[in-house]
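my_file11.cif (mmCIF, C-alpha atoms and all ligand atoms)
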```
data_query
loop_
_atom_site.label_atom_id
_atom_site.label_comp_id
_atom_site.auth_asym_id
_atom_site.auth_seq_id
_atom_site.Cartn_x
_atom_site.Cartn_y
_atom_site.Cartn_z
CA MET E 21 -7.38 -2.50 -5.52
CA ASN E 22 -11.09 -3.30 -5.67
CA ILE E 23 -11.49 -1.45 -2.37
CA ILE E 24 -9.76 1.60 -3.79
CA TYR E 25 -11.90 1.55 -6.93
CA VAL E 26 -15.01 1.58 -4.71
CA LEU E 27 -13.57 4.35 -2.53
CA TYR E 28 -12.83 6.65 -5.47
CA PHE E 29 -15.30 5.56 -8.18
CA SER E 30 -18.07 3.60 -6.37
CA ASN E 31 -17.33 0.58 -8.54
CA ARG E 32 -15.25 -2.53 -7.94
CA TYR E 33 -14.19 -2.80 -11.59
CA PHE E 34 -13.50 -0.75 -14.71
CA GLY E 35 -15.02 -3.39 -16.94
CA GLU E 36 -17.93 -5.74 -16.32
CA GLY E 37 -16.21 -7.61 -13.51
CA ARG E 38 -16.11 -11.38 -13.31
CA GLU E 39 -18.47 -13.66 -11.45
CA ASP E 40 -15.63 -15.19 -9.41
CA GLY E 41 -14.50 -11.72 -8.32
CA ALA E 42 -11.10 -12.06 -10.02
CA PRO E 43 -9.70 -9.04 -11.86
CA GLY E 44 -10.51 -8.72 -15.56
CA THR E 45 -8.17 -7.60 -18.34
CA GLU E 46 -8.98 -3.93 -17.61
CA GLU E 47 -7.99 -4.13 -13.93
CA ILE E 48 -4.83 -6.12 -14.75
CA GLU E 49 -3.77 -3.51 -17.31
CA HIS E 50 -4.57 -0.61 -14.98
CA VAL E 51 -2.73 -2.02 -11.94
CA GLY E 52 0.20 -3.06 -14.16
CA ALA E 53 0.49 0.53 -15.44
CA LEU E 54 0.39 1.91 -11.85
CA PHE E 55 3.27 -0.38 -10.85
CA THR E 56 5.25 0.68 -13.94
CA ILE E 57 4.82 4.33 -12.92
CA LEU E 58 5.92 3.55 -9.35
CA LYS E 59 8.95 1.67 -10.64
CA TYR E 60 10.27 4.45 -12.86
CA LEU E 61 9.07 7.60 -11.11
CA PHE E 62 11.72 7.48 -8.40
CA ALA E 63 14.24 5.24 -10.18
CA PHE E 64 17.79 6.45 -10.54
CA SER E 65 18.08 8.37 -13.80
CA VAL E 66 21.30 9.90 -14.98
CA SER E 67 19.46 12.89 -16.44
CA ASP E 68 18.28 13.91 -12.92
CA TYR E 69 21.94 14.78 -12.29
CA LEU E 70 22.90 15.84 -15.84
CA PRO E 71 19.83 17.77 -17.01
CA CYS E 72 21.39 18.37 -20.45
CA LEU E 73 20.64 14.69 -21.18
CA ARG E 74 16.92 15.02 -20.43
CA ALA E 75 15.76 15.47 -24.02
CA LEU E 76 17.59 12.28 -25.08
CA ASP E 77 15.73 10.09 -22.54
CA VAL E 78 18.81 7.85 -22.48
CA ASP E 79 17.43 5.23 -20.09
CA GLY E 80 13.95 5.25 -21.70
CA HIS E 81 12.22 6.03 -18.37
CA LYS E 82 10.33 9.00 -19.79
CA ARG E 83 8.87 6.91 -22.63
CA MET E 84 7.84 4.13 -20.25
CA LEU E 85 6.22 6.60 -17.86
CA LYS E 86 4.35 8.30 -20.70
CA ASN E 87 2.96 4.97 -21.94
CA ALA E 88 1.92 3.86 -18.47
CA THR E 89 0.33 7.24 -17.69
CA SER E 90 -1.72 7.12 -20.88
CA ILE E 91 -3.04 3.66 -19.89
CA VAL E 92 -4.04 4.96 -16.45
CA ASN E 93 -5.70 8.02 -18.02
CA LYS E 94 -7.59 5.80 -20.47
CA TYR E 95 -9.44 4.29 -17.47
CA HIS E 96 -9.74 7.35 -15.22
CA ASP E 97 -10.57 10.14 -17.67
CA PRO E 98 -13.99 8.99 -18.97
CA ILE E 99 -15.24 8.34 -15.42
CA ILE E 100 -14.00 11.70 -14.10
CA GLU E 101 -15.29 13.68 -17.11
CA GLN E 102 -18.69 11.98 -17.01
CA ARG E 103 -19.05 12.59 -13.26
CA ILE E 104 -18.14 16.29 -13.56
CA LYS E 105 -20.76 16.58 -16.31
CA GLN E 106 -23.36 14.96 -14.02
CA TRP E 107 -22.56 17.43 -11.23
CA ASN E 108 -22.76 20.36 -13.64
CA GLU E 109 -26.11 19.24 -15.04
CA SER E 110 -27.85 18.20 -11.83
CA THR E 111 -28.75 20.10 -8.70
CA GLU E 112 -29.41 16.87 -6.81
CA ALA E 113 -26.04 15.18 -7.12
CA GLU E 114 -25.00 13.54 -3.84
CA ILE E 115 -21.57 12.74 -2.45
CA GLU E 116 -21.01 9.00 -2.67
CA ASP E 117 -17.25 8.62 -3.08
CA LEU E 118 -13.97 10.57 -3.03
CA LEU E 119 -14.38 11.68 -6.63
CA ASP E 120 -17.67 13.38 -5.64
CA VAL E 121 -15.88 15.01 -2.70
CA MET E 122 -13.21 16.47 -4.99
CA ILE E 123 -15.75 17.74 -7.51
CA SER E 124 -17.96 19.33 -4.86
CA LEU E 125 -15.21 21.19 -2.97
CA LYS E 126 -15.72 24.95 -3.21
CA ASP E 127 -13.36 27.91 -2.76
CA ALA E 128 -14.15 31.10 -0.81
CA ASN E 129 -16.14 32.45 -3.80
CA ASN E 130 -18.24 29.29 -4.00
CA LYS E 131 -16.51 28.26 -7.24
CA PRO E 132 -15.13 24.70 -7.74
CA LEU E 133 -11.88 24.46 -5.81
CA LEU E 134 -10.24 21.92 -8.13
CA THR E 135 -10.12 22.01 -11.93
CA MET E 136 -10.74 18.84 -13.93
CA HIS E 137 -7.00 18.65 -14.58
CA GLU E 138 -6.24 18.85 -10.85
CA ILE E 139 -8.85 16.21 -10.00
CA LYS E 140 -7.36 13.82 -12.57
CA ALA E 141 -3.87 14.36 -11.15
CA GLN E 142 -5.08 13.88 -7.56
CA ILE E 143 -6.88 10.63 -8.38
CA THR E 144 -3.78 9.22 -10.09
CA GLU E 145 -1.58 10.32 -7.16
CA LEU E 146 -3.90 8.64 -4.67
CA MET E 147 -4.13 5.45 -6.75
CA LEU E 148 -0.32 5.31 -6.82
CA ALA E 149 -0.12 5.95 -3.09
CA THR E 150 -2.49 3.09 -2.25
CA VAL E 151 -1.75 0.28 -4.68
CA ASP E 152 1.57 -1.12 -3.52
CA ASN E 153 2.11 -1.03 0.25
CA PRO E 154 -0.86 -3.01 1.62
CA SER E 155 -0.67 -5.76 -1.03
CA ASN E 156 3.10 -6.22 -0.78
CA THR E 157 3.12 -6.23 3.01
CA VAL E 158 0.22 -8.65 3.35
CA GLU E 159 1.75 -11.04 0.79
CA TRP E 160 5.05 -11.13 2.70
CA ALA E 161 3.32 -11.35 6.09
CA LEU E 162 1.19 -14.31 5.00
CA ALA E 163 4.21 -16.07 3.48
CA GLU E 164 6.26 -15.56 6.65
CA MET E 165 3.36 -16.80 8.82
CA ILE E 166 2.81 -19.92 6.69
CA LYS E 167 6.53 -20.63 6.95
CA GLN E 168 6.26 -20.52 10.76
CA PRO E 169 2.84 -22.15 11.36
CA GLN E 170 2.90 -21.41 15.11
CA ILE E 171 2.74 -17.70 14.21
CA LEU E 172 -0.17 -18.29 11.84
CA ASP E 173 -1.92 -20.26 14.61
CA LYS E 174 -1.44 -17.40 17.08
CA GLY E 175 -2.90 -14.89 14.60
CA THR E 176 -5.87 -17.20 13.97
CA GLU E 177 -6.41 -17.69 17.73
CA GLU E 178 -6.42 -13.93 18.27
CA LEU E 179 -9.08 -13.49 15.58
CA ASP E 180 -11.21 -16.32 17.00
CA LYS E 181 -10.98 -14.78 20.45
CA VAL E 182 -11.66 -11.17 19.44
CA VAL E 183 -14.12 -11.73 16.59
CA GLY E 184 -15.34 -15.33 16.81
CA LYS E 185 -16.48 -17.42 13.87
CA ASP E 186 -20.01 -16.09 13.41
CA ARG E 187 -19.11 -12.84 11.67
CA LEU E 188 -16.28 -11.39 9.62
CA VAL E 189 -13.68 -9.16 11.22
CA GLU E 190 -14.67 -5.45 11.07
CA GLU E 191 -12.73 -2.19 11.28
CA SER E 192 -13.99 -1.71 14.84
CA ASP E 193 -12.00 -4.85 15.86
CA ILE E 194 -8.66 -3.37 14.75
CA PRO E 195 -7.65 -1.87 18.14
CA LYS E 196 -7.89 -5.36 19.68
CA LEU E 197 -5.88 -7.18 16.99
CA ASN E 198 -2.43 -6.50 18.40
CA TYR E 199 -0.84 -9.75 17.23
CA ILE E 200 -2.07 -9.31 13.64
CA LYS E 201 -0.73 -5.72 13.69
CA ALA E 202 2.58 -6.95 15.10
CA CYS E 203 2.84 -9.39 12.16
CA LEU E 204 2.27 -6.52 9.74
CA ARG E 205 4.85 -4.33 11.50
CA GLU E 206 7.32 -7.16 11.17
CA ALA E 207 6.56 -7.47 7.45
CA PHE E 208 7.03 -3.69 7.05
CA ARG E 209 10.36 -3.91 8.89
CA LEU E 210 11.76 -6.81 6.87
CA HIS E 211 10.14 -6.21 3.49
CA PRO E 212 9.66 -2.52 2.71
CA ILE E 213 8.08 -1.95 -0.67
CA ALA E 214 10.88 0.28 -1.97
CA PRO E 215 14.61 0.06 -1.28
CA PHE E 216 14.84 3.78 -0.47
CA ASN E 217 12.59 6.48 0.93
CA VAL E 218 11.02 9.00 -1.44
CA PRO E 219 13.89 11.43 -2.16
CA HIS E 220 13.73 14.80 -0.43
CA VAL E 221 16.03 17.82 -0.67
CA ALA E 222 17.30 19.68 2.41
CA MET E 223 15.94 23.25 2.22
CA ARG E 224 18.65 24.55 4.58
CA ASP E 225 21.77 23.42 6.43
CA THR E 226 20.71 21.10 9.20
CA VAL E 227 21.95 18.49 11.68
CA VAL E 228 20.15 15.19 12.19
CA SER E 229 21.54 12.60 14.66
CA ASN E 230 25.01 14.17 14.53
CA TYR E 231 25.07 14.19 10.71
CA PHE E 232 25.57 17.58 9.09
CA ILE E 233 23.32 17.84 6.02
CA PRO E 234 24.18 20.82 3.80
CA LYS E 235 21.41 22.76 2.07
CA GLY E 236 20.51 21.21 -1.30
CA SER E 237 21.55 17.64 -0.40
CA HIS E 238 19.37 14.77 -1.56
CA VAL E 239 18.62 12.67 1.50
CA ILE E 240 18.16 9.02 0.59
CA LEU E 241 17.78 6.37 3.32
CA CYS E 242 18.17 2.66 2.72
CA ARG E 243 14.97 1.19 4.16
CA GLU E 244 16.20 -2.40 4.24
CA LYS E 245 19.41 -1.52 6.06
CA LEU E 246 17.44 0.44 8.66
CA GLY E 247 14.92 -2.34 9.32
CA ARG E 248 17.54 -5.10 9.40
CA SER E 249 20.21 -3.30 11.38
CA PRO E 250 21.77 -5.59 14.03
CA LYS E 251 22.54 -2.45 16.05
CA VAL E 252 18.82 -1.92 16.54
CA TRP E 253 17.20 -5.35 16.19
CA GLU E 254 18.02 -8.65 17.88
CA GLU E 255 18.07 -11.50 15.32
CA PRO E 256 17.28 -8.90 12.65
CA LEU E 257 16.52 -11.36 9.85
CA LYS E 258 14.03 -13.38 11.88
CA PHE E 259 10.29 -12.78 11.44
CA LYS E 260 9.34 -12.33 15.10
CA PRO E 261 6.09 -10.39 15.68
CA GLU E 262 6.50 -10.66 19.48
CA ARG E 263 9.22 -7.99 19.35
CA HIS E 264 6.49 -5.39 18.64
CA LEU E 265 4.14 -6.39 21.47
CA MET E 266 4.11 -4.16 24.54
CA ASP E 267 4.55 -5.71 28.00
CA ASP E 268 1.47 -3.85 29.25
CA GLY E 269 -0.65 -5.09 26.32
CA SER E 270 -1.11 -1.55 24.98
CA ASP E 271 -2.06 -0.88 21.35
CA VAL E 272 0.36 -1.80 18.56
CA PHE E 273 0.54 0.81 15.79
CA LEU E 274 1.88 0.36 12.26
CA THR E 275 3.57 3.76 12.36
CA GLU E 276 7.20 3.88 13.51
CA THR E 277 7.83 7.39 14.76
CA ASP E 278 11.40 6.63 15.94
CA LEU E 279 12.27 5.64 12.35
CA ARG E 280 13.96 2.39 13.43
CA PHE E 281 12.44 1.28 10.13
CA ILE E 282 10.31 3.16 7.62
CA THR E 283 6.60 2.55 7.26
CA PHE E 284 4.77 5.84 6.84
CA THR E 285 7.79 7.98 7.85
CA ALA E 286 7.19 11.09 9.93
CA GLY E 287 7.06 14.86 9.77
CA LYS E 288 5.64 17.28 7.26
CA ARG E 289 6.15 15.06 4.22
CA GLY E 290 5.24 11.82 5.94
CA CYS E 291 2.29 9.80 4.62
CA PRO E 292 -0.91 11.79 5.12
CA ARG E 293 -3.16 8.71 5.07
CA VAL E 294 -1.86 6.56 7.92
CA VAL E 295 -5.32 5.57 9.14
CA LEU E 296 -6.53 4.45 5.72
CA GLY E 297 -3.24 2.63 5.00
CA THR E 298 -3.36 0.87 8.36
CA THR E 299 -7.03 -0.05 7.98
CA LEU E 300 -6.55 -1.44 4.46
CA SER E 301 -3.55 -3.55 5.50
CA VAL E 302 -4.99 -4.90 8.75
CA MET E 303 -8.39 -5.71 7.23
CA LEU E 304 -6.79 -7.50 4.28
CA LEU E 305 -4.54 -9.71 6.40
CA ALA E 306 -7.12 -10.27 9.14
CA ARG E 307 -9.87 -11.35 6.71
CA LEU E 308 -7.53 -13.71 4.86
CA ILE E 309 -6.44 -15.35 8.11
CA GLN E 310 -9.85 -15.43 9.72
CA GLY E 311 -11.57 -16.74 6.60
CA PHE E 312 -9.20 -19.51 5.54
CA THR E 313 -6.63 -22.04 6.62
CA TRP E 314 -3.52 -21.68 4.48
CA ILE E 315 -1.04 -24.32 3.43
CA ALA E 316 1.62 -24.59 0.76
CA PRO E 317 0.55 -26.70 -2.22
CA PRO E 318 2.19 -30.13 -2.57
CA HIS E 319 5.63 -29.95 -4.25
CA ARG E 320 5.67 -26.15 -4.09
CA PRO E 321 7.00 -24.94 -0.75
CA VAL E 322 6.64 -21.28 0.18
CA GLU E 323 9.94 -19.58 -0.64
CA LEU E 324 10.84 -16.36 1.14
CA VAL E 325 12.98 -15.12 -1.70
CA GLN E 326 13.17 -11.50 -2.71
CA SER E 327 13.32 -10.55 -6.38
CA GLU E 328 16.77 -9.50 -7.59
CA THR E 329 15.49 -6.22 -9.00
CA ASP E 330 13.13 -4.97 -6.27
CA PRO E 331 11.87 -5.90 -2.77
CA PHE E 332 8.83 -7.86 -4.05
CA MET E 333 8.70 -11.64 -3.67
CA ALA E 334 10.70 -13.27 -6.47
CA HIS E 335 7.63 -15.39 -7.31
CA PRO E 336 4.07 -14.49 -6.35
CA LEU E 337 2.89 -16.42 -3.31
CA VAL E 338 0.92 -19.54 -4.31
CA VAL E 339 -0.94 -21.21 -1.43
CA VAL E 340 -4.00 -23.36 -0.88
CA ALA E 341 -6.90 -21.72 0.97
CA LYS E 342 -9.57 -23.78 2.73
CA PRO E 343 -12.64 -21.99 4.18
CA ARG E 344 -12.83 -22.26 7.98
CA LEU E 345 -16.03 -20.33 8.79
CA PRO E 346 -19.70 -21.30 8.39
CA ILE E 347 -20.78 -20.69 4.77
CA GLU E 348 -23.38 -18.00 5.69
CA VAL E 349 -20.63 -15.78 7.14
CA TYR E 350 -19.02 -15.44 3.70
CA LEU E 351 -22.36 -14.65 2.07
CA ASP E 352 -23.35 -11.83 4.43
C1 LIG K 1 0.13 0.77 4.33
C2 LIG K 1 -0.11 1.75 3.54
C3 LIG K 1 0.80 2.93 3.29
C4 LIG K 1 2.12 3.12 3.59
C5 LIG K 1 3.07 2.16 4.30
C6 LIG K 1 2.49 4.44 3.11
C7 LIG K 1 3.76 4.98 3.19
C8 LIG K 1 4.13 6.20 2.68
C9 LIG K 1 5.48 6.74 2.69
C10 LIG K 1 6.69 6.04 3.25
C11 LIG K 1 5.43 7.94 2.09
C12 LIG K 1 6.61 8.88 1.84
C13 LIG K 1 6.78 9.84 2.99
C14 LIG K 1 8.04 10.63 2.91
O1 LIG K 1 8.53 10.87 1.81
O2 LIG K 1 8.55 11.04 3.96
C15 LIG K 1 4.06 8.19 1.69
C16 LIG K 1 3.64 9.32 1.07
C17 LIG K 1 2.33 9.55 0.68
N1 LIG K 1 1.26 8.74 0.91
FE1 LIG K 1 1.30 6.94 1.86
N2 LIG K 1 1.39 5.04 2.57
C18 LIG K 1 0.34 4.15 2.65
C19 LIG K 1 -0.96 4.36 2.23
C20 LIG K 1 -1.42 5.54 1.67
C21 LIG K 1 -2.80 5.79 1.28
C22 LIG K 1 -3.94 4.78 1.46
C23 LIG K 1 -2.83 7.03 0.76
C24 LIG K 1 -3.98 7.84 0.18
C25 LIG K 1 -5.14 7.39 -0.16
C26 LIG K 1 -1.50 7.59 0.83
C27 LIG K 1 -1.13 8.84 0.38
C28 LIG K 1 0.14 9.33 0.37
C29 LIG K 1 0.52 10.61 -0.24
C30 LIG K 1 -0.43 11.57 -0.96
C31 LIG K 1 1.90 10.74 -0.03
C32 LIG K 1 2.78 11.91 -0.47
C33 LIG K 1 2.94 12.92 0.65
C34 LIG K 1 3.89 14.06 0.31
O3 LIG K 1 4.73 13.91 -0.56
O4 LIG K 1 3.77 15.11 0.94
N3 LIG K 1 -0.66 6.65 1.40
N4 LIG K 1 3.28 7.12 2.08
#
```
Rewrite the coordinates I just gave you, this time as structure tokens.
Ligand code: HEM
Amino acid sequence: MNIIYVLYFSNRYFGEGREDGAPGTEEIEHVGALFTILKYLFAFSVSDYLPCLRALDVDGHKRMLKNATSIVNKYHDPIIEQRIKQWNESTEAEIEDLLDVMISLKDANNKPLLTMHEIKAQITELMLATVDNPSNTVEWALAEMIKQPQILDKGTEELDKVVGKDRLVEESDIPKLNYIKACLREAFRLHPIAPFNVPHVAMRDTVVSNYFIPKGSHVILCREKLGRSPKVWEEPLKFKPERHLMDDGSDVFLTETDLRFITFTAGKRGCPRVVLGTTLSVMLLARLIQGFTWIAPPHRPVELVQSETDPFMAHPLVVVAKPRLPIEVYLD
């Protein structure tokens, strides 16, 4: 999330930040509220099907979403309002982050394209879109790789070969990190962040793969069933990155256009930020693997157990990291 804060607000923290780089109370509260919103926004709610019940908020989702949204706004609003004021008062404001981009966009009459209200909504939408996938996928990928150390070794070897030990992995290395990307693809296949795709409604009668879908239907796909289908995948429950490597050594992509599992999906409503999502995920996993050796702590083996209520790990991954690069590389 620190990367996202920098991308949108040019700051790694909302509060002062801590010397050890760990999140402070502000960041913990903010990210917690984003996850609450994600949990309830698309959750099954009886009032979606019986609108007469909406006012009663029988399952309490509306109240929870309102509380979480007000926490998110508490952190975003002062920054956005202050920045708009700066742009209005100065003729020399420069674009340094995505918030500046949104404020400086102009319509055909050279008037601001987005209102303050729209900018606030966009920032929240983008925060929601970025917070969950990379962190969940990398946590599962690392856990799976620690569980099968030969896979972790192969990932480390690839990084040593492509990048070496004298510098940290960079975005420009990504095209050559096929094994690391295959590990991430495998984590996306086995451990999608949400049990179902974002619900969409068919705008007209249509046929997809021999299924007739009448106009107005809600189309909901089970992501886990797709990714673990024995009709599509050999040994579907096994974490096996090799299955994504091409015989001719060509580039591995995190997108899955054939929808044999769902990562970014496809089409008009597919994820519009595939490059950023891929870059965030690959850089996170690659830097963790290049920078450290990872082992399970004594008496606490890594458990690949999914939570009973959602596809997250039942218990956050706890592992011991030991630096493996010369000290000056970390300080650069
Ligand atoms: C690994 C990272 C990511 C994954 C796996 C991912 C996946 C997805 C998926 C599955 C959808 C739903 C598509 C559909 O309903 O058909 C989606 C939608 C979306 N994503 Fe991503 N995403 C990622 C990162 C990002 C990032 C970094 C951003 C923006 C900064 C972003 C912005 C969006 C937006 C705005 C939508 C809604 C599009 C719409 O409804 O038209 N995503 N993403």
> If I put a ball of radius 8 Å at (-15.6, -18.1, 11.0) in the file's coordinates, which residues poke into it when counting all atoms listed in the file, written as a ChimeraX atom specification?
Replying inline: /E:180,184-188,310-311,344-346,349
Edge lengths and centre, in Å to one decimal, as AutoDock Vina command-line options: that's what I need for the box along x, y and z that holds all listed atoms of ligand LIG 1 (chain K) plus 6 Å on each side.
```
--center_x 1.7 --center_y 7.9 --center_z 1.7 --size_x 25.7 --size_y 26.3 --size_z 17.3
```
> Closest to Cys203 of chain E among E:Ile100, E:Ile233, E:Ala161, E:Met136, using all atoms listed in the file?
Replying inline: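 Residue with the minimum atom-to-atom distance to Cys203 of chain E: E:Ala161.
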What are the closest atom pairs, with distances in Å to one decimal, for all residues of chain E lying within 7 Å of ligand LIG 1 (chain K)? Consider only C-alpha atoms and all ligand atoms, order rows by chain and residue number, and present the result as JSON lines.
```
{"residue": "E:Glu145", "atom": "CA", "partner": "K:LIG1", "partner_atom": "C30", "distance": 6.4}
{"residue": "E:Leu146", "atom": "CA", "partner": "K:LIG1", "partner_atom": "C25", "distance": 4.8}
{"residue": "E:Met147", "atom": "CA", "partner": "K:LIG1", "partner_atom": "C25", "distance": 6.9}
{"residue": "E:Ala149", "atom": "CA", "partner": "K:LIG1", "partner_atom": "C26", "distance": 4.5}
{"residue": "E:Thr150", "atom": "CA", "partner": "K:LIG1", "partner_atom": "C22", "distance": 4.3}
{"residue": "E:Asn153", "atom": "CA", "partner": "K:LIG1", "partner_atom": "C2", "distance": 4.8}
{"residue": "E:Pro154", "atom": "CA", "partner": "K:LIG1", "partner_atom": "C1", "distance": 4.8}
{"residue": "E:Asn217", "atom": "CA", "partner": "K:LIG1", "partner_atom": "O1", "distance": 6.0}
{"residue": "E:Val218", "atom": "CA", "partner": "K:LIG1", "partner_atom": "O1", "distance": 4.5}
{"residue": "E:Pro219", "atom": "CA", "partner": "K:LIG1", "partner_atom": "O1", "distance": 6.7}
{"residue": "E:His220", "atom": "CA", "partner": "K:LIG1", "partner_atom": "O1", "distance": 6.9}
{"residue": "E:Ile282", "atom": "CA", "partner": "K:LIG1", "partner_atom": "C10", "distance": 6.4}
{"residue": "E:Thr283", "atom": "CA", "partner": "K:LIG1", "partner_atom": "C5", "distance": 4.6}
{"residue": "E:Phe284", "atom": "CA", "partner": "K:LIG1", "partner_atom": "C7", "distance": 3.9}
{"residue": "E:Thr285", "atom": "CA", "partner": "K:LIG1", "partner_atom": "O2", "distance": 5.0}
{"residue": "E:Ala286", "atom": "CA", "partner": "K:LIG1", "partner_atom": "O2", "distance": 6.1}
{"residue": "E:Lys288", "atom": "CA", "partner": "K:LIG1", "partner_atom": "O4", "distance": 6.9}
{"residue": "E:Arg289", "atom": "CA", "partner": "K:LIG1", "partner_atom": "O4", "distance": 4.1}
{"residue": "E:Gly290", "atom": "CA", "partner": "K:LIG1", "partner_atom": "C13", "distance": 3.9}
{"residue": "E:Cys291", "atom": "CA", "partner": "K:LIG1", "partner_atom": "C15", "distance": 3.8}
{"residue": "E:Pro292", "atom": "CA", "partner": "K:LIG1", "partner_atom": "C28", "distance": 5.5}
{"residue": "E:Arg293", "atom": "CA", "partner": "K:LIG1", "partner_atom": "C23", "distance": 4.6}
{"residue": "E:Val294", "atom": "CA", "partner": "K:LIG1", "partner_atom": "C19", "distance": 6.2}
{"residue": "E:Leu296", "atom": "CA", "partner": "K:LIG1", "partner_atom": "C22", "distance": 5.0}
{"residue": "E:Gly297", "atom": "CA", "partner": "K:LIG1", "partner_atom": "C2", "distance": 3.6}
{"residue": "E:Thr298", "atom": "CA", "partner": "K:LIG1", "partner_atom": "C1", "distance": 5.3}
{"residue": "E:Ser301", "atom": "CA", "partner": "K:LIG1", "partner_atom": "C1", "distance": 5.8}
```
>> For a test of reading the model, state the distance in Å between atom CA of Glu323 of chain E and atom CA of Pro169 of chain E, rounded to one decimal.
In response: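 Result for atom CA of Glu323 of chain E versus atom CA of Pro169 of chain E: 14.2 Å, one decimal.
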>> Excluding Cys242 of chain E and its own-chain neighbours fewer than 3 positions away, which residues fall within 6 Å of it when counting all atoms listed in the file? Please give them as a list in words.
In response: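 Selected residues are Pro215, Phe216 and Lys245 of chain E.
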> Could you work out how far atom CA of Leu241 of chain E lies from atom CA of Val227 of chain E, giving the answer in Å with one decimal?
Replying inline: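 Between these atoms lies a distance of 15.3 Å.
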> Of the candidates E:Ala222, E:Asp278, E:Phe332, E:Val92, which shows the shortest atom-to-atom distance to Ser155 of chain E, using only C-alpha atoms?
Replying inline: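 Going through E:Ala222, E:Asp278, E:Phe332, E:Val92 one by one, the smallest distance to Ser155 of chain E is for E:Phe332.
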> Ala141 of chain E: which residues within 12 Å, counting only C-alpha atoms, same-chain residues fewer than 6 positions away excluded, as a PyMOL selection string?
Replying inline: chain E and resi 89+92-93+96-97+100+119+122+134-135+147-148
> Nearest to Lys86 of chain E: which of E:Gln170, E:Ser270, E:Thr313, E:Thr56 is it, counting only C-alpha atoms?
Replying inline: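 Residue with the minimum atom-to-atom distance to Lys86 of chain E: E:Thr56.
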>> Distance cut-off 10 Å, centre (3.8, 3.9, -12.7) in file coordinates, counting all atoms listed in the file: which residues qualify? Return them as a list in words.
In response: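 Neighbouring residues, ordered by chain and number, come to His50, Val51, Gly52, Ala53, Leu54, Phe55, Thr56, Ile57, Leu58, Lys59, Tyr60, Leu61, Phe62, Met84, Leu85, Lys86, Asn87, Ala88, Thr89, Ile91, Val92, Thr144 and Leu148 of chain E.
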>> Under the rule that all atoms listed in the file are counted, which of E:Lys201, E:Lys140, E:Lys196, E:Arg320 is the nearest residue to Tyr95 of chain E?
In response: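 Closest to Tyr95 of chain E, using all atoms listed in the file: E:Lys140.
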> If you measure from atom CA of Lys260 of chain E to atom CA of Glu206 of chain E, what distance in Å do you get, rounded to one decimal?
Replying inline: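 Atom-to-atom, atom CA of Lys260 of chain E and atom CA of Glu206 of chain E are spaced 6.8 Å apart.
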>> Could you check the closest approach to Val295 of chain E for each of E:Leu197, E:Leu274, E:Leu265, E:Met333 and tell me which residue wins, using only C-alpha atoms?
In response: E:Leu274
> Between E:Ala42, E:His137, E:Thr226, E:Arg209, which is the closest to Trp253 of chain E once you count only C-alpha atoms?
Replying inline: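 That would be E:Arg209, the residue with the smallest distance to Trp253 of chain E.
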Contact check, segment 195-254 of chain E to segment 162-167 of chain E, at most 12 Å, counting all atoms listed in the file, closest pairs as JSON lines:
```
{"residue": "E:Tyr199", "atom": "CA", "partner": "E:Met165", "partner_atom": "CA", "distance": 11.8}
{"residue": "E:Ile200", "atom": "CA", "partner": "E:Met165", "partner_atom": "CA", "distance": 10.4}
{"residue": "E:Ala202", "atom": "CA", "partner": "E:Met165", "partner_atom": "CA", "distance": 11.7}
{"residue": "E:Cys203", "atom": "CA", "partner": "E:Met165", "partner_atom": "CA", "distance": 8.1}
{"residue": "E:Leu204", "atom": "CA", "partner": "E:Leu162", "partner_atom": "CA", "distance": 9.2}
{"residue": "E:Glu206", "atom": "CA", "partner": "E:Glu164", "partner_atom": "CA", "distance": 9.6}
{"residue": "E:Ala207", "atom": "CA", "partner": "E:Glu164", "partner_atom": "CA", "distance": 8.1}
{"residue": "E:Phe208", "atom": "CA", "partner": "E:Glu164", "partner_atom": "CA", "distance": 11.9}
{"residue": "E:Leu210", "atom": "CA", "partner": "E:Glu164", "partner_atom": "CA", "distance": 10.3}
{"residue": "E:His211", "atom": "CA", "partner": "E:Glu164", "partner_atom": "CA", "distance": 10.6}
```
Contacts of Phe34 of chain E within 10 Å, only C-alpha atoms, excl. fewer than 6 positions in-chain, as an mmCIF file with C-alpha atoms, in the coordinates of the input:
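Saved as result30.cif:
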```cif
data_model
loop_
_atom_site.group_PDB
_atom_site.id
_atom_site.type_symbol
_atom_site.label_atom_id
_atom_site.label_comp_id
_atom_site.auth_asym_id
_atom_site.auth_seq_id
_atom_site.Cartn_x
_atom_site.Cartn_y
_atom_site.Cartn_z
ATOM 1 C CA ASN E 22 -11.090 -3.300 -5.670
ATOM 2 C CA TYR E 25 -11.900 1.550 -6.930
ATOM 3 C CA PRO E 43 -9.700 -9.040 -11.860
ATOM 4 C CA GLY E 44 -10.510 -8.720 -15.560
ATOM 5 C CA THR E 45 -8.170 -7.600 -18.340
ATOM 6 C CA GLU E 46 -8.980 -3.930 -17.610
ATOM 7 C CA GLU E 47 -7.990 -4.130 -13.930
ATOM 8 C CA HIS E 50 -4.570 -0.610 -14.980
ATOM 9 C CA TYR E 95 -9.440 4.290 -17.470
ATOM 10 C CA HIS E 96 -9.740 7.350 -15.220
ATOM 11 C CA ILE E 99 -15.240 8.340 -15.420
#
```
>> Report as a list of chain:residue names all protein, DNA and RNA residues lying within 7 Å of Lys235 of chain E, evaluated on all atoms listed in the file, omitting residues in the same chain fewer than 4 positions from it.
In response: E:Ala222, E:Met223, E:Arg224, E:Asp225
